[in-house]
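Pasted below: input08.cif, mmCIF, C-alpha atoms.
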data_final
#
loop_
_atom_site.group_PDB
_atom_site.id
_atom_site.type_symbol
_atom_site.label_atom_id
_atom_site.label_comp_id
_atom_site.auth_asym_id
_atom_site.auth_seq_id
_atom_site.Cartn_x
_atom_site.Cartn_y
_atom_site.Cartn_z
ATOM 1 C CA MET A 1264 0.000 0.000 0.000
ATOM 2 C CA ASN A 1265 1.073 3.504 -0.723
ATOM 3 C CA PHE A 1266 0.701 5.660 2.365
ATOM 4 C CA LEU A 1267 1.209 9.338 3.100
ATOM 5 C CA GLN A 1268 3.716 9.500 5.976
ATOM 6 C CA LEU A 1269 3.635 12.548 8.261
ATOM 7 C CA GLY A 1270 5.700 12.090 11.396
ATOM 8 C CA SER A 1271 4.588 8.780 12.870
ATOM 9 C CA TYR A 1272 1.154 9.027 11.238
ATOM 10 C CA THR A 1273 0.284 7.167 8.039
ATOM 11 C CA PHE A 1274 -2.720 7.996 5.927
ATOM 12 C CA SER A 1275 -4.169 6.027 3.030
ATOM 13 C CA SER A 1276 -5.981 9.143 1.766
ATOM 14 C CA ARG A 1277 -3.909 11.848 0.116
ATOM 15 C CA LEU A 1278 -6.755 14.346 0.108
ATOM 16 C CA ILE A 1279 -6.854 16.748 3.031
ATOM 17 C CA LEU A 1280 -10.121 18.631 3.457
ATOM 18 C CA GLY A 1281 -10.720 22.075 4.898
ATOM 19 C CA THR A 1282 -13.892 22.648 6.896
ATOM 20 C CA GLY A 1283 -14.590 26.304 6.133
ATOM 21 C CA LYS A 1284 -17.434 27.775 4.079
ATOM 22 C CA PHE A 1285 -19.782 24.773 4.174
ATOM 23 C CA SER A 1286 -23.464 25.673 4.344
ATOM 24 C CA SER A 1287 -23.881 23.437 7.405
ATOM 25 C CA ALA A 1288 -22.031 20.937 9.568
ATOM 26 C CA THR A 1289 -24.220 18.211 8.062
ATOM 27 C CA VAL A 1290 -23.069 18.993 4.529
ATOM 28 C CA MET A 1291 -19.466 19.228 5.760
ATOM 29 C CA LEU A 1292 -19.662 15.786 7.365
ATOM 30 C CA GLU A 1293 -21.204 14.286 4.217
ATOM 31 C CA ALA A 1294 -18.390 15.756 2.157
ATOM 32 C CA ILE A 1295 -15.738 14.394 4.508
ATOM 33 C CA ARG A 1296 -17.287 10.926 4.395
ATOM 34 C CA ALA A 1297 -17.652 11.031 0.607
ATOM 35 C CA SER A 1298 -14.020 12.090 0.195
ATOM 36 C CA GLY A 1299 -12.497 9.488 2.495
ATOM 37 C CA ALA A 1300 -10.331 12.273 3.913
ATOM 38 C CA GLN A 1301 -8.554 11.320 7.138
ATOM 39 C CA LEU A 1302 -6.969 14.683 7.908
ATOM 40 C CA VAL A 1303 -9.121 17.803 8.164
ATOM 41 C CA THR A 1304 -8.255 21.378 9.062
ATOM 42 C CA VAL A 1305 -10.096 23.586 11.561
ATOM 43 C CA ALA A 1306 -9.664 27.151 12.798
ATOM 44 C CA LEU A 1307 -9.491 28.334 16.410
ATOM 45 C CA ARG A 1308 -12.114 30.951 17.237
ATOM 46 C CA ARG A 1309 -13.793 32.558 20.241
ATOM 47 C CA PHE A 1310 -16.814 30.752 21.704
ATOM 48 C CA ASN A 1311 -20.048 32.589 20.952
ATOM 49 C CA ARG A 1312 -23.131 31.394 22.817
ATOM 50 C CA ASP A 1313 -25.348 32.944 20.121
ATOM 51 C CA GLN A 1314 -23.751 30.821 17.399
ATOM 52 C CA PRO A 1315 -23.464 27.277 18.750
ATOM 53 C CA ALA A 1316 -23.363 25.816 15.241
ATOM 54 C CA ASP A 1317 -19.919 27.354 14.772
ATOM 55 C CA ASP A 1318 -18.457 24.598 16.934
ATOM 56 C CA LEU A 1319 -17.311 21.795 14.658
ATOM 57 C CA PHE A 1320 -15.326 19.841 17.248
ATOM 58 C CA SER A 1321 -18.338 17.914 18.518
ATOM 59 C CA PRO A 1322 -19.569 16.803 15.069
ATOM 60 C CA LEU A 1323 -16.036 16.012 13.844
ATOM 61 C CA ARG A 1324 -15.264 13.880 16.886
ATOM 62 C CA ALA A 1325 -18.171 11.630 15.886
ATOM 63 C CA VAL A 1326 -16.543 10.712 12.554
ATOM 64 C CA PRO A 1327 -14.278 7.674 12.945
ATOM 65 C CA GLY A 1328 -10.783 7.822 11.502
ATOM 66 C CA ILE A 1329 -10.425 11.631 11.421
ATOM 67 C CA THR A 1330 -7.317 13.425 12.653
ATOM 68 C CA LEU A 1331 -7.610 17.175 13.170
ATOM 69 C CA MET A 1332 -5.073 19.641 11.846
ATOM 70 C CA PRO A 1333 -5.833 23.012 13.487
ATOM 71 C CA ASN A 1334 -4.619 26.084 11.650
ATOM 72 C CA THR A 1335 -3.283 29.331 13.074
ATOM 73 C CA SER A 1336 -5.357 31.599 10.825
ATOM 74 C CA GLY A 1337 -5.926 34.921 12.512
ATOM 75 C CA ALA A 1338 -2.327 35.086 13.701
ATOM 76 C CA SER A 1339 -0.229 37.915 12.285
ATOM 77 C CA THR A 1340 2.997 37.079 14.048
ATOM 78 C CA ALA A 1341 5.016 34.029 14.968
ATOM 79 C CA ALA A 1342 4.234 34.622 18.664
ATOM 80 C CA GLU A 1343 0.491 34.630 17.988
ATOM 81 C CA ALA A 1344 0.782 31.483 15.865
ATOM 82 C CA VAL A 1345 2.778 29.671 18.564
ATOM 83 C CA ARG A 1346 0.206 30.684 21.183
ATOM 84 C CA ALA A 1347 -2.667 29.474 18.982
ATOM 85 C CA ALA A 1348 -0.858 26.216 18.253
ATOM 86 C CA ASN A 1349 -0.425 25.408 21.929
ATOM 87 C CA ILE A 1350 -4.067 26.141 22.681
ATOM 88 C CA ALA A 1351 -5.155 24.077 19.663
ATOM 89 C CA ARG A 1352 -3.013 21.110 20.700
ATOM 90 C CA GLU A 1353 -4.419 21.171 24.211
ATOM 91 C CA LEU A 1354 -7.988 21.180 22.866
ATOM 92 C CA SER A 1355 -7.597 18.687 20.018
ATOM 93 C CA GLY A 1356 -4.911 16.366 21.348
ATOM 94 C CA SER A 1357 -3.511 16.356 17.818
ATOM 95 C CA PRO A 1358 0.162 17.104 17.192
ATOM 96 C CA PHE A 1359 -0.598 18.547 13.743
ATOM 97 C CA ILE A 1360 -0.525 22.307 13.267
ATOM 98 C CA LYS A 1361 -0.987 24.155 9.998
ATOM 99 C CA VAL A 1362 1.017 27.334 10.378
ATOM 100 C CA GLU A 1363 -1.013 29.909 8.522
ATOM 101 C CA ILE A 1364 0.044 33.526 8.990
ATOM 102 C CA HIS A 1365 -1.448 35.939 6.484
ATOM 103 C CA PRO A 1366 -1.696 39.537 7.667
ATOM 104 C CA ASN A 1367 -3.296 41.032 4.529
ATOM 105 C CA PRO A 1368 -6.952 40.033 3.964
ATOM 106 C CA GLN A 1369 -6.889 41.254 0.350
ATOM 107 C CA HIS A 1370 -4.531 38.584 -0.934
ATOM 108 C CA LEU A 1371 -4.068 36.302 2.102
ATOM 109 C CA MET A 1372 -0.476 35.618 1.086
ATOM 110 C CA PRO A 1373 1.554 33.972 3.845
ATOM 111 C CA ASP A 1374 4.223 35.925 5.717
ATOM 112 C CA PRO A 1375 7.422 33.936 5.127
ATOM 113 C CA ILE A 1376 9.413 35.487 7.968
ATOM 114 C CA GLU A 1377 6.827 35.027 10.716
ATOM 115 C CA THR A 1378 5.993 31.571 9.308
ATOM 116 C CA PHE A 1379 9.621 30.431 9.414
ATOM 117 C CA GLU A 1380 10.052 31.689 12.976
ATOM 118 C CA ALA A 1381 6.834 30.023 14.167
ATOM 119 C CA CYS A 1382 7.793 26.738 12.505
ATOM 120 C CA ARG A 1383 11.271 26.795 14.019
ATOM 121 C CA ILE A 1384 9.758 27.116 17.504
ATOM 122 C CA LEU A 1385 6.875 24.682 17.015
ATOM 123 C CA ALA A 1386 9.053 21.944 15.527
ATOM 124 C CA LYS A 1387 11.209 22.091 18.681
ATOM 125 C CA GLU A 1388 8.051 21.860 20.807
ATOM 126 C CA GLY A 1389 7.215 18.529 19.149
ATOM 127 C CA PHE A 1390 4.439 19.595 16.802
ATOM 128 C CA LEU A 1391 3.992 18.054 13.339
ATOM 129 C CA VAL A 1392 4.425 21.369 11.591
ATOM 130 C CA MET A 1393 2.677 21.917 8.251
ATOM 131 C CA PRO A 1394 3.556 25.398 6.987
ATOM 132 C CA TYR A 1395 1.383 27.200 4.470
ATOM 133 C CA ILE A 1396 3.768 29.115 2.189
ATOM 134 C CA ALA A 1397 4.163 30.737 -1.178
ATOM 135 C CA ALA A 1398 5.717 28.349 -3.698
ATOM 136 C CA ASP A 1399 9.225 29.429 -2.741
ATOM 137 C CA PRO A 1400 11.779 26.632 -3.177
ATOM 138 C CA VAL A 1401 14.342 28.227 -0.864
ATOM 139 C CA LEU A 1402 11.850 28.810 1.946
ATOM 140 C CA ALA A 1403 10.515 25.271 1.485
ATOM 141 C CA LYS A 1404 13.994 23.801 1.940
ATOM 142 C CA ARG A 1405 14.747 25.938 5.008
ATOM 143 C CA LEU A 1406 11.463 24.820 6.580
ATOM 144 C CA GLU A 1407 12.386 21.200 5.939
ATOM 145 C CA GLU A 1408 15.738 21.851 7.603
ATOM 146 C CA VAL A 1409 14.146 23.188 10.801
ATOM 147 C CA GLY A 1410 12.014 20.053 11.117
ATOM 148 C CA CYS A 1411 8.675 20.605 9.431
ATOM 149 C CA ALA A 1412 6.678 17.466 8.637
ATOM 150 C CA SER A 1413 5.727 18.767 5.204
ATOM 151 C CA VAL A 1414 5.589 21.973 3.226
ATOM 152 C CA MET A 1415 2.324 23.315 1.870
ATOM 153 C CA PRO A 1416 2.950 25.676 -1.032
ATOM 154 C CA LEU A 1417 -0.059 27.440 -2.465
ATOM 155 C CA GLY A 1418 -1.402 26.767 -5.932
ATOM 156 C CA SER A 1419 -2.925 30.259 -6.002
ATOM 157 C CA ALA A 1420 -4.634 32.658 -3.576
ATOM 158 C CA ILE A 1421 -6.983 31.118 -1.000
ATOM 159 C CA GLY A 1422 -10.506 30.769 -2.362
ATOM 160 C CA SER A 1423 -9.576 32.264 -5.729
ATOM 161 C CA GLY A 1424 -10.060 29.102 -7.787
ATOM 162 C CA GLN A 1425 -7.130 30.186 -9.966
ATOM 163 C CA GLY A 1426 -5.707 26.683 -9.896
ATOM 164 C CA LEU A 1427 -2.060 25.626 -10.121
ATOM 165 C CA ALA A 1428 -0.653 29.028 -11.009
ATOM 166 C CA THR A 1429 2.618 28.089 -9.305
ATOM 167 C CA VAL A 1430 3.218 24.877 -11.270
ATOM 168 C CA GLU A 1431 6.827 25.638 -12.292
ATOM 169 C CA MET A 1432 7.874 26.567 -8.767
ATOM 170 C CA LEU A 1433 6.056 23.481 -7.442
ATOM 171 C CA ASN A 1434 8.144 21.319 -9.759
ATOM 172 C CA ILE A 1435 11.330 22.741 -8.233
ATOM 173 C CA ILE A 1436 10.069 22.289 -4.677
ATOM 174 C CA ILE A 1437 9.035 18.669 -5.361
ATOM 175 C CA ARG A 1438 12.396 17.865 -6.953
ATOM 176 C CA GLU A 1439 14.340 19.296 -4.006
ATOM 177 C CA SER A 1440 12.144 18.087 -1.127
ATOM 178 C CA ASN A 1441 12.687 15.110 1.173
ATOM 179 C CA ILE A 1442 9.352 15.668 2.941
ATOM 180 C CA PRO A 1443 5.834 15.536 1.484
ATOM 181 C CA VAL A 1444 4.869 18.547 -0.626
ATOM 182 C CA ILE A 1445 1.185 19.295 -0.182
ATOM 183 C CA VAL A 1446 -0.405 21.788 -2.547
ATOM 184 C CA ASP A 1447 -2.772 23.949 -0.534
ATOM 185 C CA ALA A 1448 -5.042 26.809 -1.677
ATOM 186 C CA GLY A 1449 -6.525 27.997 -4.902
ATOM 187 C CA LEU A 1450 -7.486 24.686 -6.475
ATOM 188 C CA ARG A 1451 -10.821 24.717 -8.259
ATOM 189 C CA SER A 1452 -11.170 21.434 -10.123
ATOM 190 C CA PRO A 1453 -10.307 17.762 -9.594
ATOM 191 C CA SER A 1454 -8.152 17.804 -12.737
ATOM 192 C CA GLU A 1455 -5.863 20.331 -11.009
ATOM 193 C CA ALA A 1456 -5.590 18.019 -8.013
ATOM 194 C CA ALA A 1457 -4.773 15.114 -10.343
ATOM 195 C CA LEU A 1458 -2.078 17.196 -12.018
ATOM 196 C CA ALA A 1459 -0.540 18.115 -8.677
ATOM 197 C CA MET A 1460 -0.370 14.427 -7.759
ATOM 198 C CA GLU A 1461 1.026 13.451 -11.177
ATOM 199 C CA MET A 1462 3.809 15.965 -10.590
ATOM 200 C CA GLY A 1463 4.763 14.165 -7.388
ATOM 201 C CA CYS A 1464 2.938 16.008 -4.635
ATOM 202 C CA GLY A 1465 2.393 13.947 -1.531
ATOM 203 C CA ALA A 1466 -1.158 15.224 -1.046
ATOM 204 C CA VAL A 1467 -3.458 18.135 -1.810
ATOM 205 C CA LEU A 1468 -5.550 20.283 0.522
ATOM 206 C CA VAL A 1469 -8.863 21.515 -0.802
ATOM 207 C CA ASN A 1470 -11.533 23.613 0.893
ATOM 208 C CA SER A 1471 -13.401 26.173 -1.212
ATOM 209 C CA ALA A 1472 -13.528 23.975 -4.318
ATOM 210 C CA VAL A 1473 -15.598 21.451 -2.370
ATOM 211 C CA ALA A 1474 -17.472 23.666 0.098
ATOM 212 C CA VAL A 1475 -18.606 26.243 -2.442
ATOM 213 C CA SER A 1476 -19.493 23.782 -5.236
ATOM 214 C CA ASP A 1477 -23.114 23.038 -6.082
ATOM 215 C CA ASN A 1478 -22.864 19.580 -4.507
ATOM 216 C CA PRO A 1479 -20.073 19.377 -1.928
ATOM 217 C CA PRO A 1480 -20.285 15.639 -1.174
ATOM 218 C CA ALA A 1481 -20.197 14.767 -4.886
ATOM 219 C CA MET A 1482 -17.353 17.219 -5.491
ATOM 220 C CA ALA A 1483 -15.452 15.791 -2.537
ATOM 221 C CA GLU A 1484 -15.759 12.326 -4.030
ATOM 222 C CA ALA A 1485 -14.576 13.641 -7.417
ATOM 223 C CA PHE A 1486 -11.514 15.184 -5.785
ATOM 224 C CA ALA A 1487 -10.760 11.935 -3.986
ATOM 225 C CA GLU A 1488 -10.866 10.002 -7.255
ATOM 226 C CA ALA A 1489 -8.676 12.589 -8.962
ATOM 227 C CA VAL A 1490 -6.077 12.497 -6.183
ATOM 228 C CA SER A 1491 -6.044 8.720 -6.320
ATOM 229 C CA ALA A 1492 -5.729 8.681 -10.129
ATOM 230 C CA GLY A 1493 -2.968 11.270 -10.095
ATOM 231 C CA ARG A 1494 -0.983 9.343 -7.510
ATOM 232 C CA LYS A 1495 -1.360 6.074 -9.427
ATOM 233 C CA ALA A 1496 -0.169 7.793 -12.594
ATOM 234 C CA PHE A 1497 2.833 9.240 -10.795
ATOM 235 C CA LYS A 1498 3.790 5.803 -9.457
ATOM 236 C CA ALA A 1499 3.150 4.177 -12.854
ATOM 237 C CA GLY A 1500 5.614 6.531 -14.528
ATOM 238 C CA LEU A 1501 4.301 8.998 -17.108
ATOM 239 C CA MET A 1502 5.704 8.826 -20.625
ATOM 240 C CA SER A 1503 8.029 11.609 -21.739
ATOM 241 C CA LYS A 1504 6.902 14.438 -23.962
ATOM 242 C CA SER A 1505 8.317 14.625 -27.496
ATOM 243 C CA SER A 1506 8.428 17.538 -29.887
ATOM 244 C CA LEU A 1507 7.960 15.088 -32.776
ATOM 245 C CA ALA A 1508 5.387 12.398 -33.461
ATOM 246 C CA ILE A 1509 6.339 8.803 -32.545
ATOM 247 C CA ALA A 1510 3.990 6.385 -34.321
ATOM 248 C CA THR A 1511 1.892 3.921 -32.384
ATOM 249 C CA SER A 1512 0.872 1.907 -35.457
ATOM 250 C CA PRO A 1513 3.399 0.344 -37.893
ATOM 251 C CA LEU A 1514 4.409 2.673 -40.719
ATOM 252 C CA SER A 1515 4.713 -0.124 -43.313
ATOM 253 C CA ALA A 1516 2.876 -3.200 -44.675
ATOM 254 C CA PHE A 1517 -0.267 -1.248 -45.434
ATOM 255 C CA LEU A 1518 -3.050 -2.972 -47.354
ATOM 256 C CA GLY A 1519 -2.553 -2.236 -51.077
ATOM 257 C CA ALA A 1520 0.902 -0.706 -50.554
ATOM 258 C CA LYS A 1521 3.271 -0.775 -53.522
ATOM 259 C CA VAL A 1522 6.193 -3.002 -52.567
ATOM 260 C CA MET B 494 -19.697 40.819 41.717
ATOM 261 C CA ILE B 495 -16.265 40.968 40.099
ATOM 262 C CA THR B 496 -15.505 41.995 36.553
ATOM 263 C CA ILE B 497 -13.380 39.938 34.202
ATOM 264 C CA GLU B 498 -12.650 40.294 30.516
ATOM 265 C CA LEU B 499 -14.179 37.420 28.560
ATOM 266 C CA ASN B 500 -13.344 37.116 24.893
ATOM 267 C CA GLY B 501 -12.545 40.806 24.795
ATOM 268 C CA LYS B 502 -15.715 41.988 26.533
ATOM 269 C CA GLN B 503 -16.530 42.850 30.144
ATOM 270 C CA GLN B 504 -18.279 40.091 32.086
ATOM 271 C CA THR B 505 -19.387 40.092 35.726
ATOM 272 C CA VAL B 506 -19.239 36.925 37.804
ATOM 273 C CA PRO B 507 -19.808 36.263 41.520
ATOM 274 C CA PRO B 508 -16.601 36.601 43.583
ATOM 275 C CA GLY B 509 -14.857 33.261 44.064
ATOM 276 C CA SER B 510 -16.303 31.838 40.832
ATOM 277 C CA ALA B 511 -14.371 28.965 39.381
ATOM 278 C CA VAL B 512 -13.803 28.553 35.666
ATOM 279 C CA THR B 513 -16.519 25.865 35.682
ATOM 280 C CA ASP B 514 -18.968 28.423 37.120
ATOM 281 C CA LEU B 515 -18.133 30.773 34.271
ATOM 282 C CA LEU B 516 -18.867 27.991 31.786
ATOM 283 C CA SER B 517 -22.328 27.579 33.336
ATOM 284 C CA ILE B 518 -22.958 31.323 33.146
ATOM 285 C CA ILE B 519 -22.176 31.435 29.419
ATOM 286 C CA GLY B 520 -24.006 28.211 28.610
ATOM 287 C CA SER B 521 -21.078 26.011 27.628
ATOM 288 C CA ASP B 522 -20.701 22.392 28.693
ATOM 289 C CA GLY B 523 -16.941 22.827 28.535
ATOM 290 C CA LYS B 524 -16.406 19.745 26.405
ATOM 291 C CA SER B 525 -15.425 21.394 23.148
ATOM 292 C CA VAL B 526 -13.691 24.509 24.407
ATOM 293 C CA ALA B 527 -10.192 25.564 25.317
ATOM 294 C CA ILE B 528 -9.897 28.049 28.183
ATOM 295 C CA VAL B 529 -7.055 30.490 28.685
ATOM 296 C CA VAL B 530 -6.811 32.750 31.747
ATOM 297 C CA ASN B 531 -4.116 35.433 31.612
ATOM 298 C CA ASP B 532 -2.225 33.441 28.950
ATOM 299 C CA GLU B 533 -2.351 30.224 30.997
ATOM 300 C CA ILE B 534 -4.223 27.280 29.457
ATOM 301 C CA ILE B 535 -6.624 25.851 32.072
ATOM 302 C CA ARG B 536 -7.008 22.124 31.428
ATOM 303 C CA PRO B 537 -10.403 20.448 32.073
ATOM 304 C CA ASP B 538 -9.232 18.717 35.254
ATOM 305 C CA LYS B 539 -8.140 22.068 36.749
ATOM 306 C CA ARG B 540 -11.214 24.125 35.888
ATOM 307 C CA SER B 541 -13.271 23.509 39.000
ATOM 308 C CA ALA B 542 -10.358 24.531 41.229
ATOM 309 C CA HIS B 543 -9.224 27.597 39.277
ATOM 310 C CA ARG B 544 -10.852 30.679 40.855
ATOM 311 C CA LEU B 545 -11.295 33.837 38.810
ATOM 312 C CA LEU B 546 -10.004 37.192 40.076
ATOM 313 C CA GLU B 547 -10.958 40.787 39.308
ATOM 314 C CA GLY B 548 -9.430 41.833 35.984
ATOM 315 C CA ASP B 549 -8.624 38.332 34.754
ATOM 316 C CA ARG B 550 -8.408 38.081 30.956
ATOM 317 C CA VAL B 551 -10.261 34.959 29.866
ATOM 318 C CA GLU B 552 -10.453 33.495 26.402
ATOM 319 C CA ILE B 553 -12.845 30.640 25.637
ATOM 320 C CA LEU B 554 -12.138 29.096 22.248
ATOM 321 C CA ILE B 555 -13.689 26.534 19.932
ATOM 322 C CA PHE B 556 -12.757 24.857 16.669
ATOM 323 C CA ALA B 557 -14.664 26.508 13.834
ATOM 324 C CA GLY B 558 -14.567 25.831 10.119
ATOM 325 C CA GLY B 559 -11.326 26.716 8.398
ATOM 326 C CA GLY B 560 -9.072 25.657 5.532
#
Using structure tokens, write down the structure that the file contains.
Amino acid sequence: MNFLQLGSYTFSSRLILGTGKFSSATVMLEAIRASGAQLVTVALRRFNRDQPADDLFSPLRAVPGITLMPNTSGASTAAEAVRAANIARELSGSPFIKVEIHPNPQHLMPDPIETFEACRILAKEGFLVMPYIAADPVLAKRLEEVGCASVMPLGSAIGSGQGLATVEMLNIIIRESNIPVIVDAGLRSPSEAALAMEMGCGAVLVNSAVAVSDNPPAMAEAFAEAVSAGRKAFKAGLMSKSSLAIATSPLSAFLGAKV
Amino acid sequence: MITIELNGKQQTVPPGSAVTDLLSIIGSDGKSVAIVVNDEIIRPDKRSAHRLLEGDRVEILIFAGGG
């Protein structure tokens, strides 16, 4: 079997699902079940007695086989991210933390300096650190060197549906990386997820593309199939591209040919 | 009554209230929340013994949807 290895955890699913933007917890749970996802992200937010449905911990705990990966969204600095991570670990019991530090709500691009500092600290504190970053090959390598469990370079801006805009940089990161490369953010269609897996990504993380689709459970299932197909293709070894045609049928012994 | 800061807003509680009393006041069963008092995480097994003081900064947090 071909498992995704993150720290001491192994996952048979290479699709990680975000839990934001679903119309209800019921739809979210259906999508998770349909996708077979085993790792899901959540955000840490203040309790609000007027909005009890905001709490996803109770419904998620009821799904067997799910590991939570809290994110640090809302943090603007490494210190805030570290604080959020420790609170999240105490609540969830999960060692996973998605370090997500994006101070500008217009583009939601991750702050590389605060992210690196947070990851350096959290890796030493024993977290399985999953940093959300721009598709920067140098930053990705430095994060691997300080002990991150993976790197999560963006395909394009969160929620934008712009797809794998960073494909060339992703290729470099994948070639250089000794830890799983997980494309996170901006994917819109299952074919993009399949492409990411064909390129050699260890997994993909999808949220908006599923949550905001017309039929989230069906879309989640489509993404799962695409991730599986892309991974199989990667392991099967894709043929090389050629600038010239290379015939698949014999070019001689045609019926009626002049000999 | 004493005044604490709860999730950024003023909240009054009876003097000597424990964290568990605060949870009752706000209508939480405490099962799905993290509680931080003055930057110290208060684990579930310590909540009934941890008494709140005037001016304490309390954060009560849940897991919400996020990517």
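With distances restricted to all atoms listed in the file, B:Gly501 is the closest residue to chain A from B:Thr513, B:Glu547, B:Gly501, B:Pro507.
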Atomic distance atom CA of A:Phe1320 - atom CA of B:Gly558, expressed in Å with one decimal: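 Spanning atom CA of A:Phe1320 to atom CA of B:Gly558 is a straight-line distance of 9.3 Å.
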Take the PyMOL selection byres ((chain A) within 7 of (chain B)), run it mentally on this structure, and tell me the resulting residues as an NGL selection string. :A and (1281-1284 or 1304-1310 or 1312 or 1317-1321 or 1350 or 1354 or 1470)
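Comparing the minimum interatomic distances between A:Ile1442 and each of A:Ile1295, A:Ala1316, A:Met1415, A:Ala1347, counting all atoms listed in the file, we find that A:Met1415 sits nearest.
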Go through A:Leu1323, A:Leu1331, A:Gly1422, A:Val1362 and flag the residue nearest A:Ala1294, using all atoms listed in the file for the distances.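 Between A:Leu1323, A:Leu1331, A:Gly1422, A:Val1362, the residue approaching A:Ala1294 most closely is A:Leu1323.
Candidate residues A:Ala1448, A:Ala1489, A:Leu1292, A:Cys1382 were compared for distance to A:Leu1468, and the nearest is A:Ala1448, using only C-alpha atoms.
In this model, the gap between atom CA of A:Met1332 and atom CA of A:Ala1420 comes to 20.2 Å.
Taking atom CA of A:Ile1279 and atom CA of A:Met1460 as endpoints, the distance between them is 12.8 Å.
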Run the PyMOL selection byres ((chain A and resi 1491) around 10) against the file shown and list the residues it catches, as number ranges by chain. A: 1275-1278, 1456-1457, 1460-1461, 1466, 1485-1490, 1492-1497
Selected residues, C-alpha atoms, written as an mmCIF file, in the frame of the given file, please.
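Below is the file that was written, part.cif:
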data_model
loop_
_atom_site.group_PDB
_atom_site.id
_atom_site.type_symbol
_atom_site.label_atom_id
_atom_site.label_comp_id
_atom_site.auth_asym_id
_atom_site.auth_seq_id
_atom_site.Cartn_x
_atom_site.Cartn_y
_atom_site.Cartn_z
ATOM 1 C CA SER A 1275 -4.169 6.027 3.030
ATOM 2 C CA SER A 1276 -5.981 9.143 1.766
ATOM 3 C CA ARG A 1277 -3.909 11.848 0.116
ATOM 4 C CA LEU A 1278 -6.755 14.346 0.108
ATOM 5 C CA ALA A 1456 -5.590 18.019 -8.013
ATOM 6 C CA ALA A 1457 -4.773 15.114 -10.343
ATOM 7 C CA MET A 1460 -0.370 14.427 -7.759
ATOM 8 C CA GLU A 1461 1.026 13.451 -11.177
ATOM 9 C CA ALA A 1466 -1.158 15.224 -1.046
ATOM 10 C CA ALA A 1485 -14.576 13.641 -7.417
ATOM 11 C CA PHE A 1486 -11.514 15.184 -5.785
ATOM 12 C CA ALA A 1487 -10.760 11.935 -3.986
ATOM 13 C CA GLU A 1488 -10.866 10.002 -7.255
ATOM 14 C CA ALA A 1489 -8.676 12.589 -8.962
ATOM 15 C CA VAL A 1490 -6.077 12.497 -6.183
ATOM 16 C CA ALA A 1492 -5.729 8.681 -10.129
ATOM 17 C CA GLY A 1493 -2.968 11.270 -10.095
ATOM 18 C CA ARG A 1494 -0.983 9.343 -7.510
ATOM 19 C CA LYS A 1495 -1.360 6.074 -9.427
ATOM 20 C CA ALA A 1496 -0.169 7.793 -12.594
ATOM 21 C CA PHE A 1497 2.833 9.240 -10.795
#
